[in-house]
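I have placed the structure first, in the form of structure tokens, so that the comments after it can refer back to it.
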Amino acid sequence: MGDILTLDSVSKSYGKLKVTDDLSFTLQDGEALGVIGPNGAGKSTMFNLIAGGVKPDAGRVTYQGSDVTAFSASKRCRMGVGRSYQIPHPFSGMTVFENLLVGGAFGDSVRESESYDRCVDVLYRTGLLPKANVRAGALTLLERKRLEMARALATNPKLLLLDEIAGGLTEHECHELVDTIKSIHKSGVSIIWIEHIVHALLAVVDRLIVINFGAKIAEGDPHEVMNSPQVKEIYMGIEGDG
Amino acid sequence: MSLSYTVQRSTRASQTSMSLTVVILIILIAAPWWAGRAELRLMVEIFYYLALAQMWSLLAGYGGLVSVGQQAFVGLGGYILFALAAFGGVHPIMALVLAGAITALIAMPTALVAFRLQGAYFAIGTWVIAEVFRLSFAQISALGGGSGMSLPASIVKSIASSRAGREHLVYWVALAIAVAAMALVFFLLRSRWGLAMTAIRDSEPASESLGVETYRTKFIVYVMAAGMTGLVGALIFLQKLRISPDAAFSVQDWTALVIFIVVIGGIGTIEGPILGTIIFFILREFASDWGSWYLILLGGIAVAVMLFAPKGLWGLITARYDVHLFPVGRRLIVNEEKSK
């Protein structure tokens with residue numbers, strides 16, 4: 001198994017604010033990586049840099065052995081990078097099923113009808129099947145978050161980027177979500193998951209990195225990282241929320 | 001786990017409306033035998049406004065491209081028709097088709113310029129581009145400069161020998177263009193491209209991260225709408241037989257009124273522009289001799305609709321009755337759940 005993704009000294013600033021600071025890490029093919037860090041630490045920007053929504057000021061993003069730093073988000077998606085947004089971006093005027101078809105047909109570069117099977121399967125697995133013909137604009141926030149993940153899955157990703165999808169779920173729903181993500185991981189999809197709900201994250205990921213002020217401050221075995229002094233220090237305030 | 005399902009593309013209401021559309025179409029094709037000259041002329045106008053409205057709705061309602069410069073393509077289409085027919089010796093009907101195609105070609109470099117601007121700047125930019133075209137055509141003395149030109153009598157006669165024959169032909173061409181504009185929007189929206197365009201309308205960043213090439217999609221929509229608008233422009237001035245820069249590149253006639261139609265009817269739908277066109281022509285028949293009050297009335301209605309029914313009158317109807325005469329959606333029907 002090789003590396004699927006490498007970030008090599010990636011930096012991004014907005015004006016004087018450095019949101020990503022010389023960030024480097026590697027994701028192995030088939031690995032599940034967890035990302036934690038306080039609000040505003042630059043986690044979502046990191047996803048934008050990986051998925052192509054934002055181009056870095058410096059550094060390089062390598063995906064499946066090719067330098068994708070200059071590639072558009074849509075091209076990276078067609079290469080197999082699927083992402084969810086922390087703040088859902090549903091296609092409000094389209095039904096849930098049609099939302100998935102966009103990802104299915106374009107993200108996987110197939111005819112629309114060839115994407116039906118996959119989209120129906122994803123609807124079933126994410127529990128959105130009863131909502132298939134509902135306009136996405138009429139969904140609740142939690143359903144919209146689920147739609148984010150479902151749409152990303154519809155693109156048939158090799159690398160799935162999940163941005164805070166467990167927040168607000170009940171204990172039972174959270175278990176279901178963990179099971180769903182585990183089964184996606186098991187099917188060979190590499191995952192990077194940003195999450196504040198640490199116990200859900202730890203149930204899935206093989207490795208954990210901690211980001212603060214745009215820089216990586218810890219990396220390694222999830223439980224060791226959680227017990228490290230740096231993490232305890234920055235997480236004192238927000239550990240209780242999880 | 002596997003599910004047995006079907007994807008439904010039409011509803012009972014839509015099947016009824018399709019048959020109704022065919023009946024209406026046959027009645028309209030036969031119009032030269034049951035309508036008088038004035039009615040035919042009016043219907044030609046209705047048809048080209050319908051086509052312009054469909055194109056603007058496609059552009060702004062799906063591509064998110066709020067252009068206030070569609071008169072650029074109306075004028076281009078008209079002038080290209082006159083140039084080809086008067087100087088190229090091309091038969092006017094052939095010139096009409098060519099005018100649409102050439103306008104689409106000219107729209108490509110235009111898009112490269114206009115697409116550098118976003119939102120309100122795009123709107124103003126398209127208007128400026130149209131003004132540049134207007135001023136440029138006013139400089140071409142072969143085309144009559146600022147005062148314009150008439151289509152030479154010999155060319156007018158080449159359309160059809162009799163006046164009635166000419167008017168009938170123009171009528172059928174207008175009907176064909178209106179139907180083509182509607183069919184273009186309908187089949188485009190039902191296709192894979194329709195998914196992409198609707199997605200871009202709702203969220204451009206999300207479309208991009210789901211693999212949709214947003215720039216390319218918008219470019220194609222812009223060029224197609226321009227080509228069809230150019231074709232309509234050629235038709236307009238083939239009917240008028242006279243063209244001038246001010247008439248050809250009129251922002252009021254070819255964009256402002258069209259936006260009015262689309263806004264009151266319902267943007268981003270096929271039914272909306274039809275309803276809007278009907279309402280506009282009813283208003284015009286009753287109120288057009290009120291002078292400025294007529295325009296104030298139109299403006300007032302547009303403001304009221306935007307405030308109280310932002311999705312237009314067709315939006316009010318679908319909110320209450322959930323009817324879709326021209327369905328472009330996809331309904332998933334799960335038949336049964338088969339386990340393992």
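Residues are named by chain letter and number: chains run A, B, ... in the order of the structure tokens, numbers start at 1 in each chain, and ligands are numbered from 1 in the order shown.
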Check: Out of region 88-144 of chain A, which residues get helix (DSSP H, G or I) from DSSP, as an MDAnalysis selection string?
Finding: chainID A and resid 96:107 113:125 129:131 136:138 141:144
Notebook entry, point to check: Which residues come within 12 Å of Val54 (chain A), counting only C-alpha atoms, excluding same-chain residues fewer than 2 positions away, as a VMD selection string?
Noted result: (chain A and resid 10 to 14 19 to 20 44 to 52 56 to 58 61 69 to 73) or (chain B and resid 205 208 to 209)
Output C-alpha atoms for every residue in the selection just made, as a PDB file, in the first residue's frame.
ATOM      1  CA  VAL A  10       1.553  23.785   2.637  1.00  0.00           C
ATOM      2  CA  SER A  11       0.857  27.379   3.731  1.00  0.00           C
ATOM      3  CA  LYS A  12      -2.081  29.689   3.202  1.00  0.00           C
ATOM      4  CA  SER A  13      -2.678  33.195   4.536  1.00  0.00           C
ATOM      5  CA  TYR A  14      -5.601  35.580   4.324  1.00  0.00           C
ATOM      6  CA  VAL A  19      -4.571  29.920   8.450  1.00  0.00           C
ATOM      7  CA  THR A  20      -2.329  27.091   7.323  1.00  0.00           C
ATOM      8  CA  SER A  44     -11.670  23.435   7.188  1.00  0.00           C
ATOM      9  CA  THR A  45      -9.116  25.459   5.238  1.00  0.00           C
ATOM     10  CA  MET A  46      -6.947  22.345   5.217  1.00  0.00           C
ATOM     11  CA  PHE A  47      -9.855  20.504   3.544  1.00  0.00           C
ATOM     12  CA  ASN A  48     -10.225  23.296   1.014  1.00  0.00           C
ATOM     13  CA  LEU A  49      -6.539  22.958   0.210  1.00  0.00           C
ATOM     14  CA  ILE A  50      -6.838  19.190  -0.228  1.00  0.00           C
ATOM     15  CA  ALA A  51     -10.079  19.312  -2.240  1.00  0.00           C
ATOM     16  CA  GLY A  52      -8.983  22.263  -4.373  1.00  0.00           C
ATOM     17  CA  PRO A  56      -2.017  27.325  -1.258  1.00  0.00           C
ATOM     18  CA  ASP A  57       0.443  30.228  -1.213  1.00  0.00           C
ATOM     19  CA  ALA A  58       3.299  27.778  -0.837  1.00  0.00           C
ATOM     20  CA  VAL A  61      -0.421  18.701  -2.541  1.00  0.00           C
ATOM     21  CA  THR A  69      -1.708  21.648  -6.375  1.00  0.00           C
ATOM     22  CA  ALA A  70      -2.897  23.533  -9.458  1.00  0.00           C
ATOM     23  CA  PHE A  71      -5.886  21.269 -10.221  1.00  0.00           C
ATOM     24  CA  SER A  72      -9.442  22.576  -9.884  1.00  0.00           C
ATOM     25  CA  ALA A  73     -11.794  21.193  -7.250  1.00  0.00           C
TER      26      ALA A  73
ATOM     27  CA  PRO B 205     -18.886  25.742  -4.717  1.00  0.00           C
ATOM     28  CA  GLU B 208     -17.495  22.302  -8.232  1.00  0.00           C
ATOM     29  CA  SER B 209     -16.544  19.922  -5.426  1.00  0.00           C
TER      30      SER B 209
END
Item checked: Test item: chain B residues at most 7 Å from chain A, counting only C-alpha atoms, as JSON, numbers by chain -> {"B": [192, 195, 196, 199, 202, 203, 206, 208, 209, 210, 211, 212, 213, 330, 331, 332]}
Emit the selected residues as a PDB file, in the first residue's frame, including C-alpha atoms.
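Writing the result to result28.pdb gives the following:
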ATOM      1  CA  ARG B 192     -27.205  15.350 -17.432  1.00  0.00           C
ATOM      2  CA  LEU B 195     -28.408  18.437 -13.303  1.00  0.00           C
ATOM      3  CA  ALA B 196     -25.197  20.432 -13.491  1.00  0.00           C
ATOM      4  CA  ALA B 199     -26.765  22.465  -9.124  1.00  0.00           C
ATOM      5  CA  ASP B 202     -28.222  26.399  -6.048  1.00  0.00           C
ATOM      6  CA  SER B 203     -24.554  26.290  -4.981  1.00  0.00           C
ATOM      7  CA  ALA B 206     -20.731  22.511  -3.943  1.00  0.00           C
ATOM      8  CA  GLU B 208     -17.495  22.302  -8.232  1.00  0.00           C
ATOM      9  CA  SER B 209     -16.544  19.922  -5.426  1.00  0.00           C
ATOM     10  CA  LEU B 210     -18.916  17.269  -6.788  1.00  0.00           C
ATOM     11  CA  GLY B 211     -17.065  17.172 -10.095  1.00  0.00           C
ATOM     12  CA  VAL B 212     -19.082  19.692 -12.138  1.00  0.00           C
ATOM     13  CA  GLU B 213     -16.961  21.943 -14.330  1.00  0.00           C
ATOM     14  CA  ARG B 330     -36.485  12.843 -11.385  1.00  0.00           C
ATOM     15  CA  ARG B 331     -38.648  10.985  -8.897  1.00  0.00           C
ATOM     16  CA  LEU B 332     -37.268   7.875  -7.261  1.00  0.00           C
TER      17      LEU B 332
END
Margin query: Residues near region 309-317 of chain B, anyone? I mean within 9 Å using only C-alpha atoms, not counting same-chain ones fewer than 3 positions away, as a list in words.
Written below: Val262, Val263, Ile264, Gly265, Gly266, Ile267, Gly268, Thr269, Glu271, Gly272, Pro273, Leu275, Gly276, Ala304, Val305, Met306, Arg320, Tyr321, Asp322 and Val323 of chain B
I need the chosen residues saved as a tab-separated table (two decimals), in the first residue's frame, with C-alpha atoms.
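Ended up saving to part_15.tsv:
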chain	number	residue	atom	x	y	z
B	262	VAL	CA	-39.42	36.27	-16.52
B	263	VAL	CA	-39.67	37.87	-13.07
B	264	ILE	CA	-43.47	38.04	-12.98
B	265	GLY	CA	-43.85	34.59	-14.57
B	266	GLY	CA	-41.25	32.74	-12.53
B	267	ILE	CA	-37.53	32.47	-13.10
B	268	GLY	CA	-35.81	29.13	-13.63
B	269	THR	CA	-38.90	27.32	-14.90
B	271	GLU	CA	-43.83	27.49	-17.44
B	272	GLY	CA	-42.93	30.86	-15.86
B	273	PRO	CA	-41.83	32.64	-19.05
B	275	LEU	CA	-47.21	32.78	-18.16
B	276	GLY	CA	-45.16	35.97	-17.99
B	304	ALA	CA	-44.86	43.81	-6.12
B	305	VAL	CA	-44.17	40.35	-7.54
B	306	MET	CA	-40.56	40.42	-6.33
B	320	ARG	CA	-50.26	25.50	-3.99
B	321	TYR	CA	-50.93	22.70	-6.48
B	322	ASP	CA	-47.58	21.03	-7.15
B	323	VAL	CA	-48.21	20.87	-10.91
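Residues of region 87-290 of chain B that DSSP, applied to the backbone, places in strand (DSSP E): B:Met149, B:Ser150, B:Arg242, B:Ile243.
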Now that the selection is made, can you save its residues with C-alpha atoms as a CSV table (one decimal), in the first residue's frame?
chain,number,residue,atom,x,y,z
B,149,MET,CA,-31.0,50.6,-43.2
B,150,SER,CA,-33.9,48.9,-44.8
B,242,ARG,CA,-35.7,47.8,-41.1
B,243,ILE,CA,-32.8,48.0,-38.6
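Interatomic distance, CA of Lys43 (chain A) against CA of Glu219 (chain A): 14.4 Å.
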Item checked: For Glu143 (chain A): contacts at 8 Å, only C-alpha atoms, fewer than 4 positions along chain excluded, given as a list in words -> Leu128, Leu139 and Leu147 of chain A
Note to self: With only C-alpha atoms as the counted atoms, please give the residues lying no more than 12 Å from region 21-35 of chain B, apart from itself and same-chain residues fewer than 5 positions off, as a PyMOL selection string.
What the structure shows: chain B and resi 14-16+40-44+47+164-176+178-179+182-183+325-326
Checklist line | Non-local contacts of Ala180 (chain B) (12 Å; only C-alpha atoms; under 3 positions in same chain excluded) as a ChimeraX atom specification | finding: /B:47-48,50-52,54-55,172-177,183-188,225,228-229,231-232
Notebook entry, point to check: Do you have the CA of Val113 (chain B)-CA of Ile129 (chain B) distance handy?
Noted result: 9.1 Å
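Counting only C-alpha atoms, the residue from A:Gly167, A:Pro157, A:Gly37, A:Gly188 that sits nearest to Asn212 (chain A) is A:Gly37.
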Next item on the list: Calculate how many Å separate CA of Ser161 (chain B) from CA of Gly89 (chain B), rounding to one decimal.
Entry: 17.0 Å
